[in-house]
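The file query19.pdb comes next; it holds PDB, C-alpha atoms.
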ATOM      1  CA  ALA F  18       0.000   0.000   0.000  1.00  0.00           C
ATOM      2  CA  ASN F  19       1.171   3.523  -0.720  1.00  0.00           C
ATOM      3  CA  ILE F  20       0.382   6.692   1.184  1.00  0.00           C
ATOM      4  CA  LYS F  21       0.644   9.663  -1.113  1.00  0.00           C
ATOM      5  CA  HIS F  22       1.473  13.302  -0.534  1.00  0.00           C
ATOM      6  CA  THR F  23      -1.110  15.891  -1.612  1.00  0.00           C
ATOM      7  CA  ASN F  24       1.083  16.560  -4.663  1.00  0.00           C
ATOM      8  CA  GLY F  25       0.664  12.933  -5.782  1.00  0.00           C
ATOM      9  CA  THR F  26       4.130  11.594  -4.907  1.00  0.00           C
ATOM     10  CA  THR F  27       4.444   8.502  -2.717  1.00  0.00           C
ATOM     11  CA  ALA F  28       5.236   9.520   0.867  1.00  0.00           C
ATOM     12  CA  VAL F  29       5.135   6.079   2.552  1.00  0.00           C
ATOM     13  CA  THR F  30       5.127   2.548   1.156  1.00  0.00           C
ATOM     14  CA  ILE F  31       3.914  -0.327   3.367  1.00  0.00           C
ATOM     15  CA  ASP F  32       4.703  -3.872   2.210  1.00  0.00           C
ATOM     16  CA  GLY F  33       2.780  -7.077   2.919  1.00  0.00           C
ATOM     17  CA  SER F  34       4.693  -7.662   6.187  1.00  0.00           C
ATOM     18  CA  GLY F  35       3.845  -4.228   7.525  1.00  0.00           C
ATOM     19  CA  ASN F  36       7.278  -2.718   6.937  1.00  0.00           C
ATOM     20  CA  ALA F  37       7.191   0.982   6.123  1.00  0.00           C
ATOM     21  CA  ALA F  38       9.583   2.702   3.723  1.00  0.00           C
ATOM     22  CA  PHE F  39       9.974   6.448   3.250  1.00  0.00           C
ATOM     23  CA  PRO F  40      11.079   7.222  -0.322  1.00  0.00           C
ATOM     24  CA  GLN F  41      11.618  10.885   0.613  1.00  0.00           C
ATOM     25  CA  ASN F  42      13.107  12.539   3.682  1.00  0.00           C
ATOM     26  CA  ALA F  43      11.190  11.963   6.928  1.00  0.00           C
ATOM     27  CA  THR F  44      10.975  14.519   9.734  1.00  0.00           C
ATOM     28  CA  VAL F  45       9.772  13.691  13.246  1.00  0.00           C
ATOM     29  CA  THR F  46       8.510  16.697  15.219  1.00  0.00           C
ATOM     30  CA  GLY F  47       7.465  14.784  18.352  1.00  0.00           C
ATOM     31  CA  ASN F  48       9.001  11.909  20.272  1.00  0.00           C
ATOM     32  CA  LEU F  49      10.215   8.855  18.351  1.00  0.00           C
ATOM     33  CA  SER F  50      10.106   5.440  20.018  1.00  0.00           C
ATOM     34  CA  VAL F  51      11.801   2.543  18.221  1.00  0.00           C
ATOM     35  CA  SER F  52      11.471  -1.098  19.249  1.00  0.00           C
ATOM     36  CA  GLY F  53      13.192  -4.031  17.630  1.00  0.00           C
ATOM     37  CA  THR F  54      16.354  -3.925  15.556  1.00  0.00           C
ATOM     38  CA  THR F  55      17.506  -0.587  14.183  1.00  0.00           C
ATOM     39  CA  THR F  56      19.676  -0.260  11.109  1.00  0.00           C
ATOM     40  CA  GLY F  57      21.692   2.847  10.378  1.00  0.00           C
ATOM     41  CA  ILE F  58      20.542   4.630  13.543  1.00  0.00           C
ATOM     42  CA  SER F  59      23.195   5.664  16.057  1.00  0.00           C
ATOM     43  CA  THR F  60      22.074   5.775  19.674  1.00  0.00           C
ATOM     44  CA  MET F  61      23.957   7.683  22.375  1.00  0.00           C
ATOM     45  CA  THR F  62      23.994   6.681  26.031  1.00  0.00           C
ATOM     46  CA  LEU F  63      25.236   9.184  28.596  1.00  0.00           C
ATOM     47  CA  LYS F  64      26.417   7.603  31.836  1.00  0.00           C
ATOM     48  CA  THR F  65      26.386   9.317  35.245  1.00  0.00           C
ATOM     49  CA  ALA F  66      29.114  11.842  36.063  1.00  0.00           C
ATOM     50  CA  VAL F  67      31.501  10.740  38.819  1.00  0.00           C
ATOM     51  CA  ALA F  68      33.410  13.140  41.083  1.00  0.00           C
ATOM     52  CA  THR F  69      37.205  12.925  40.895  1.00  0.00           C
ATOM     53  CA  THR F  70      37.761  14.683  44.215  1.00  0.00           C
ATOM     54  CA  SER F  71      39.467  11.634  45.759  1.00  0.00           C
ATOM     55  CA  GLY F  72      40.508   8.086  44.947  1.00  0.00           C
ATOM     56  CA  THR F  73      42.728   6.632  42.267  1.00  0.00           C
ATOM     57  CA  GLU F  74      40.343   5.426  39.558  1.00  0.00           C
ATOM     58  CA  VAL F  75      36.897   5.717  38.005  1.00  0.00           C
ATOM     59  CA  ASP F  76      35.460   2.662  36.241  1.00  0.00           C
ATOM     60  CA  TYR F  77      32.625   2.483  33.723  1.00  0.00           C
ATOM     61  CA  THR F  78      31.561  -1.089  33.012  1.00  0.00           C
ATOM     62  CA  SER F  79      28.853  -2.846  30.975  1.00  0.00           C
ATOM     63  CA  ILE F  80      29.693  -1.007  27.759  1.00  0.00           C
ATOM     64  CA  PRO F  81      27.600  -2.968  25.242  1.00  0.00           C
ATOM     65  CA  SER F  82      28.962  -5.038  22.399  1.00  0.00           C
ATOM     66  CA  GLY F  83      28.695  -3.121  19.143  1.00  0.00           C
ATOM     67  CA  THR F  84      29.833   0.197  20.616  1.00  0.00           C
ATOM     68  CA  LYS F  85      31.622   2.170  17.901  1.00  0.00           C
ATOM     69  CA  ARG F  86      32.577   5.373  19.717  1.00  0.00           C
ATOM     70  CA  ILE F  87      33.224   6.348  23.327  1.00  0.00           C
ATOM     71  CA  THR F  88      33.561   9.953  24.472  1.00  0.00           C
ATOM     72  CA  VAL F  89      35.263  10.628  27.806  1.00  0.00           C
ATOM     73  CA  MET F  90      34.568  14.068  29.329  1.00  0.00           C
ATOM     74  CA  PHE F  91      36.887  15.784  31.809  1.00  0.00           C
ATOM     75  CA  ASN F  92      35.604  18.637  33.976  1.00  0.00           C
ATOM     76  CA  GLU F  93      38.374  20.403  35.942  1.00  0.00           C
ATOM     77  CA  VAL F  94      40.064  17.071  36.706  1.00  0.00           C
ATOM     78  CA  SER F  95      43.122  17.465  38.900  1.00  0.00           C
ATOM     79  CA  GLY F  96      45.500  15.174  40.787  1.00  0.00           C
ATOM     80  CA  THR F  97      48.098  15.170  43.528  1.00  0.00           C
ATOM     81  CA  GLY F  98      51.050  14.626  41.179  1.00  0.00           C
ATOM     82  CA  SER F  99      54.049  16.879  40.708  1.00  0.00           C
ATOM     83  CA  ALA F 100      55.266  18.451  37.474  1.00  0.00           C
ATOM     84  CA  THR F 101      57.181  15.246  36.652  1.00  0.00           C
ATOM     85  CA  ALA F 102      54.197  12.964  37.125  1.00  0.00           C
ATOM     86  CA  ASP F 103      51.114  15.017  36.250  1.00  0.00           C
ATOM     87  CA  GLN F 104      49.589  12.507  33.869  1.00  0.00           C
ATOM     88  CA  LEU F 105      46.179  10.952  33.444  1.00  0.00           C
ATOM     89  CA  GLN F 106      45.449   7.767  31.534  1.00  0.00           C
ATOM     90  CA  VAL F 107      42.370   6.063  30.132  1.00  0.00           C
ATOM     91  CA  GLN F 108      42.454   2.286  29.801  1.00  0.00           C
ATOM     92  CA  LEU F 109      40.069   0.022  27.898  1.00  0.00           C
ATOM     93  CA  GLY F 110      39.214  -3.524  28.850  1.00  0.00           C
ATOM     94  CA  THR F 111      37.411  -6.711  27.886  1.00  0.00           C
ATOM     95  CA  SER F 112      35.644  -9.469  29.808  1.00  0.00           C
ATOM     96  CA  SER F 113      39.140 -10.744  30.674  1.00  0.00           C
ATOM     97  CA  GLY F 114      39.998  -7.478  32.461  1.00  0.00           C
ATOM     98  CA  LEU F 115      41.711  -4.175  31.742  1.00  0.00           C
ATOM     99  CA  THR F 116      44.291  -3.861  28.995  1.00  0.00           C
ATOM    100  CA  THR F 117      47.362  -2.245  30.601  1.00  0.00           C
ATOM    101  CA  SER F 118      49.949  -2.609  27.831  1.00  0.00           C
ATOM    102  CA  GLY F 119      50.200  -2.358  24.058  1.00  0.00           C
ATOM    103  CA  TYR F 120      49.102   1.275  23.846  1.00  0.00           C
ATOM    104  CA  VAL F 121      50.899   3.757  21.615  1.00  0.00           C
ATOM    105  CA  SER F 122      49.872   7.134  23.005  1.00  0.00           C
ATOM    106  CA  ARG F 123      51.178  10.683  23.131  1.00  0.00           C
ATOM    107  CA  SER F 124      49.928  13.902  24.709  1.00  0.00           C
ATOM    108  CA  ASP F 125      51.477  17.319  23.981  1.00  0.00           C
ATOM    109  CA  TRP F 126      51.223  20.801  25.447  1.00  0.00           C
ATOM    110  CA  GLY F 127      53.094  24.013  24.555  1.00  0.00           C
ATOM    111  CA  SER F 128      56.658  22.905  23.848  1.00  0.00           C
ATOM    112  CA  GLY F 129      56.554  19.541  25.652  1.00  0.00           C
ATOM    113  CA  GLY F 130      54.762  16.234  25.776  1.00  0.00           C
ATOM    114  CA  ILE F 131      54.671  12.689  27.112  1.00  0.00           C
ATOM    115  CA  GLN F 132      54.438   9.205  25.675  1.00  0.00           C
ATOM    116  CA  VAL F 133      52.273   6.713  27.579  1.00  0.00           C
ATOM    117  CA  LEU F 134      52.315   2.979  26.792  1.00  0.00           C
ATOM    118  CA  THR F 135      50.023   1.714  29.592  1.00  0.00           C
ATOM    119  CA  GLY F 136      46.901   3.619  28.488  1.00  0.00           C
ATOM    120  CA  PHE F 137      45.780   6.648  26.496  1.00  0.00           C
ATOM    121  CA  GLY F 138      47.675   9.455  28.229  1.00  0.00           C
ATOM    122  CA  VAL F 139      46.570  13.033  28.870  1.00  0.00           C
ATOM    123  CA  TYR F 140      49.074  15.549  30.193  1.00  0.00           C
ATOM    124  CA  GLY F 141      48.410  18.038  32.954  1.00  0.00           C
ATOM    125  CA  ILE F 142      46.591  17.159  36.199  1.00  0.00           C
ATOM    126  CA  THR F 143      48.813  18.841  38.802  1.00  0.00           C
ATOM    127  CA  GLY F 144      47.265  20.441  41.855  1.00  0.00           C
ATOM    128  CA  SER F 145      47.772  23.885  40.266  1.00  0.00           C
ATOM    129  CA  SER F 146      46.297  22.877  36.875  1.00  0.00           C
ATOM    130  CA  ALA F 147      43.288  20.859  35.763  1.00  0.00           C
ATOM    131  CA  ILE F 148      42.024  19.179  32.617  1.00  0.00           C
ATOM    132  CA  SER F 149      38.738  20.249  30.987  1.00  0.00           C
ATOM    133  CA  GLY F 150      37.990  18.719  27.599  1.00  0.00           C
ATOM    134  CA  ILE F 151      37.175  15.502  25.780  1.00  0.00           C
ATOM    135  CA  MET F 152      38.781  12.266  24.623  1.00  0.00           C
ATOM    136  CA  THR F 153      37.221  10.440  21.689  1.00  0.00           C
ATOM    137  CA  LEU F 154      37.825   6.702  21.218  1.00  0.00           C
ATOM    138  CA  VAL F 155      36.704   5.069  17.958  1.00  0.00           C
ATOM    139  CA  HIS F 156      36.505   1.356  17.123  1.00  0.00           C
ATOM    140  CA  MET F 157      38.104   0.642  13.739  1.00  0.00           C
ATOM    141  CA  GLY F 158      37.131  -3.035  13.612  1.00  0.00           C
ATOM    142  CA  SER F 159      39.042  -6.153  14.724  1.00  0.00           C
ATOM    143  CA  ASN F 160      39.072  -4.746  18.303  1.00  0.00           C
ATOM    144  CA  VAL F 161      41.450  -1.930  17.303  1.00  0.00           C
ATOM    145  CA  TRP F 162      40.688   1.425  18.963  1.00  0.00           C
ATOM    146  CA  VAL F 163      42.136   4.823  18.070  1.00  0.00           C
ATOM    147  CA  GLU F 164      42.006   7.893  20.293  1.00  0.00           C
ATOM    148  CA  SER F 165      42.325  11.666  20.133  1.00  0.00           C
ATOM    149  CA  HIS F 166      41.956  14.287  22.852  1.00  0.00           C
ATOM    150  CA  THR F 167      41.930  18.040  23.331  1.00  0.00           C
ATOM    151  CA  ALA F 168      41.642  19.892  26.613  1.00  0.00           C
ATOM    152  CA  ARG F 169      42.435  23.055  28.518  1.00  0.00           C
ATOM    153  CA  TYR F 170      45.439  22.595  30.802  1.00  0.00           C
ATOM    154  CA  ASN F 171      45.883  26.080  32.274  1.00  0.00           C
ATOM    155  CA  SER F 172      45.495  29.730  31.261  1.00  0.00           C
ATOM    156  CA  SER F 173      48.519  29.475  28.960  1.00  0.00           C
ATOM    157  CA  ASN F 174      48.300  25.971  27.476  1.00  0.00           C
ATOM    158  CA  GLY F 175      46.027  23.468  25.848  1.00  0.00           C
ATOM    159  CA  VAL F 176      46.645  19.716  25.611  1.00  0.00           C
ATOM    160  CA  TRP F 177      46.231  17.512  22.539  1.00  0.00           C
ATOM    161  CA  GLY F 178      47.254  14.064  21.349  1.00  0.00           C
ATOM    162  CA  GLY F 179      46.244  10.627  20.183  1.00  0.00           C
ATOM    163  CA  GLY F 180      47.015   6.939  20.158  1.00  0.00           C
ATOM    164  CA  ARG F 181      45.906   3.395  19.397  1.00  0.00           C
ATOM    165  CA  VAL F 182      45.561  -0.038  20.996  1.00  0.00           C
ATOM    166  CA  ALA F 183      44.540  -3.518  19.839  1.00  0.00           C
ATOM    167  CA  LEU F 184      42.414  -5.295  22.452  1.00  0.00           C
ATOM    168  CA  GLY F 185      42.254  -9.054  22.894  1.00  0.00           C
ATOM    169  CA  GLY F 186      38.453  -9.011  22.671  1.00  0.00           C
ATOM    170  CA  VAL F 187      35.360  -6.805  22.621  1.00  0.00           C
ATOM    171  CA  CYS F 188      35.656  -3.624  24.702  1.00  0.00           C
ATOM    172  CA  ASP F 189      33.220  -3.679  27.625  1.00  0.00           C
ATOM    173  CA  ARG F 190      34.825  -1.374  30.211  1.00  0.00           C
ATOM    174  CA  ILE F 191      36.888   1.757  30.631  1.00  0.00           C
ATOM    175  CA  ARG F 192      39.013   3.067  33.509  1.00  0.00           C
ATOM    176  CA  ILE F 193      40.135   6.670  34.107  1.00  0.00           C
ATOM    177  CA  ARG F 194      43.040   7.120  36.535  1.00  0.00           C
ATOM    178  CA  PRO F 195      46.179   9.087  37.334  1.00  0.00           C
ATOM    179  CA  ILE F 196      49.403   7.358  36.352  1.00  0.00           C
ATOM    180  CA  GLY F 197      51.432   5.844  39.184  1.00  0.00           C
ATOM    181  CA  SER F 198      50.479   6.167  42.847  1.00  0.00           C
ATOM    182  CA  TYR F 199      48.855   9.600  42.613  1.00  0.00           C
ATOM    183  CA  SER F 200      45.227  10.391  43.464  1.00  0.00           C
ATOM    184  CA  PHE F 201      42.469  12.601  42.132  1.00  0.00           C
ATOM    185  CA  ASP F 202      41.780  15.759  44.126  1.00  0.00           C
ATOM    186  CA  ALA F 203      39.267  17.789  42.079  1.00  0.00           C
ATOM    187  CA  GLY F 204      36.764  17.696  39.231  1.00  0.00           C
ATOM    188  CA  SER F 205      34.521  15.090  37.633  1.00  0.00           C
ATOM    189  CA  VAL F 206      34.384  12.762  34.631  1.00  0.00           C
ATOM    190  CA  ASN F 207      31.686  11.176  32.524  1.00  0.00           C
ATOM    191  CA  VAL F 208      31.404   8.806  29.559  1.00  0.00           C
ATOM    192  CA  MET F 209      29.058   8.628  26.573  1.00  0.00           C
ATOM    193  CA  TYR F 210      29.009   5.687  24.191  1.00  0.00           C
ATOM    194  CA  GLU F 211      27.456   5.223  20.766  1.00  0.00           C
ATOM    195  CA  SER F 212      26.509   2.087  18.853  1.00  0.00           C
TER
END
Mind converting the file's structure to structure tokens?
Amino acid sequence: ANIKHTNGTTAVTIDGSGNAAFPQNATVTGNLSVSGTTTGISTMTLKTAVATTSGTEVDYTSIPSGTKRITVMFNEVSGTGSATADQLQVQLGTSSGLTTSGYVSRSDWGSGGIQVLTGFGVYGITGSSAISGIMTLVHMGSNVWVESHTARYNSSNGVWGGGRVALGGVCDRIRIRPIGSYSFDAGSVNVMYES
């Protein structure tokens, strides 16, 4: 069956199984509820923000299979480290646990930078400076993830960088933590994932 526009063109086609097809563009002005399998529709899930005012790690688990992109958000995140150890890292994991090696990651600021091989590194979480920005992680297929990040470090510097890692399975968790034995002392983080 066809439902036609007032100008005579077909607006909706419904086949014998009840499936609807829109030959032209479709605009939804109210709420859209979809049940069943979706094809070509990206859904975003925003998790709950977690304070980074103390402790050494923040974990987000139960990331669903099929996730293609993860965005990590940093809001004034700071740590107890000194200028020689003011680094943050984000680690991915599978059902077997966190992946803590095999990363190729670099984070730069002004005229300097760091390489981190135990996670995706972000420079600049000293007590006098804090990170505000985003890290984007994208699944390339075959459990390979690539990363880029940009953030404000202080009034004079921004931070930017990228990296990659090959996981041993499907990513289902993420950990945000200072490198070494340092702790968080300010700010908050959150995660959004997309299928």
- the PyMOL selection byres ((chain F and resi 92) around 7) applied to the shown file, residues as a list in words: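 That expression, the PyMOL selection byres ((chain F and resi 92) around 7), corresponds here to Met90, Phe91, Glu93, Val94, Ile148, Ser149, Gly150, Gly204, Ser205 and Val206 of chain F.
Counting only C-alpha atoms and comparing F:Thr46, F:Ser112, F:Ala38, F:Asp202, the residue that lies closest to Ser82 of chain F is F:Ser112.
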- Query: Closest to Ile87 of chain F among F:Trp177, F:Tyr140, F:Tyr120, F:Trp162, using all atoms listed in the file?
  - Reply: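 Between F:Trp177, F:Tyr140, F:Tyr120, F:Trp162, the residue approaching Ile87 of chain F most closely is F:Trp162.
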- Message: So the first atom is atom CA of Ser172 of chain F and the second is atom CA of Thr135 of chain F; what is the distance between them in Å, to one decimal place?
- Response: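 Computing it gives 28.4 Å between the two atoms.
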- For Gly114 of chain F, the nearest of the candidates F:Ser146, F:Thr78, F:Thr44, F:Ser128, counting all atoms listed in the file: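 Closest to Gly114 of chain F of all the choices is F:Thr78.
Residues of protein, DNA or RNA having at least one counted atom within 7 Å of (9.6, 5.3, -0.3), given only C-alpha atoms, are Thr27, Ala28, Val29, Thr30, Ala38, Phe39, Pro40 and Gln41 of chain F.
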- By how many Å are atom CA of Ala68 of chain F and atom CA of Gly129 of chain F apart?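 According to the coordinates, atom CA of Ala68 of chain F and atom CA of Gly129 of chain F are separated by 28.5 Å.
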- Task: For Gly186 of chain F, list every protein, DNA or RNA residue within 10 Å, evaluated using all atoms listed in the file, and leave out those in the same chain fewer than 3 positions away; present the list as a list in words.
- Result: Gly110, Thr111, Ser112, Ser113, Ser159, Asn160, Val161, Ala183 and Asp189 of chain F
- Message: Report as a PyMOL selection string all protein, DNA and RNA residues lying within 10 Å of Val208 of chain F, evaluated on all atoms listed in the file, omitting residues in the same chain fewer than 4 positions from it.
- Response: chain F and resi 62-67+76-77+87-91+151-153+191
- Where does the PyMOL selection byres ((chain F and resi 193) around 10) land in this file, that is, which residues does it pick, as an NGL selection string? :F and (69 or 73-77 or 89 or 91 or 105-109 or 136-138 or 191-192 or 194-196 or 206-207)
- Pairwise distance, atom CA of Val121 of chain F with atom CA of Val163 of chain F, equals 9.5 Å
- Task: Just say which residues the PyMOL selection byres ((chain F and resi 124) around 8) picks in this file, as an MDAnalysis selection string.
- Result: chainID F and resid 122:123 125:126 130:132 138:140 176:179
- Do you know which residues are at most 12 Å from Gly33 of chain F counting only C-alpha atoms, after dropping those on the same chain fewer than 4 positions away, and could you put them as number ranges by chain? F: 18-19, 37-38
- Message: Using all atoms listed in the file - which residues lie no farther than 6 Å from the point (42.6, 12.9, 42.2) in the file's frame? Write them as a list in words.
- Response: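 Protein, DNA and RNA residues close to (42.6, 12.9, 42.2): Thr69, Thr70, Ser71, Gly72, Ser95, Gly96, Ser200, Phe201, Asp202 and Ala203 of chain F.
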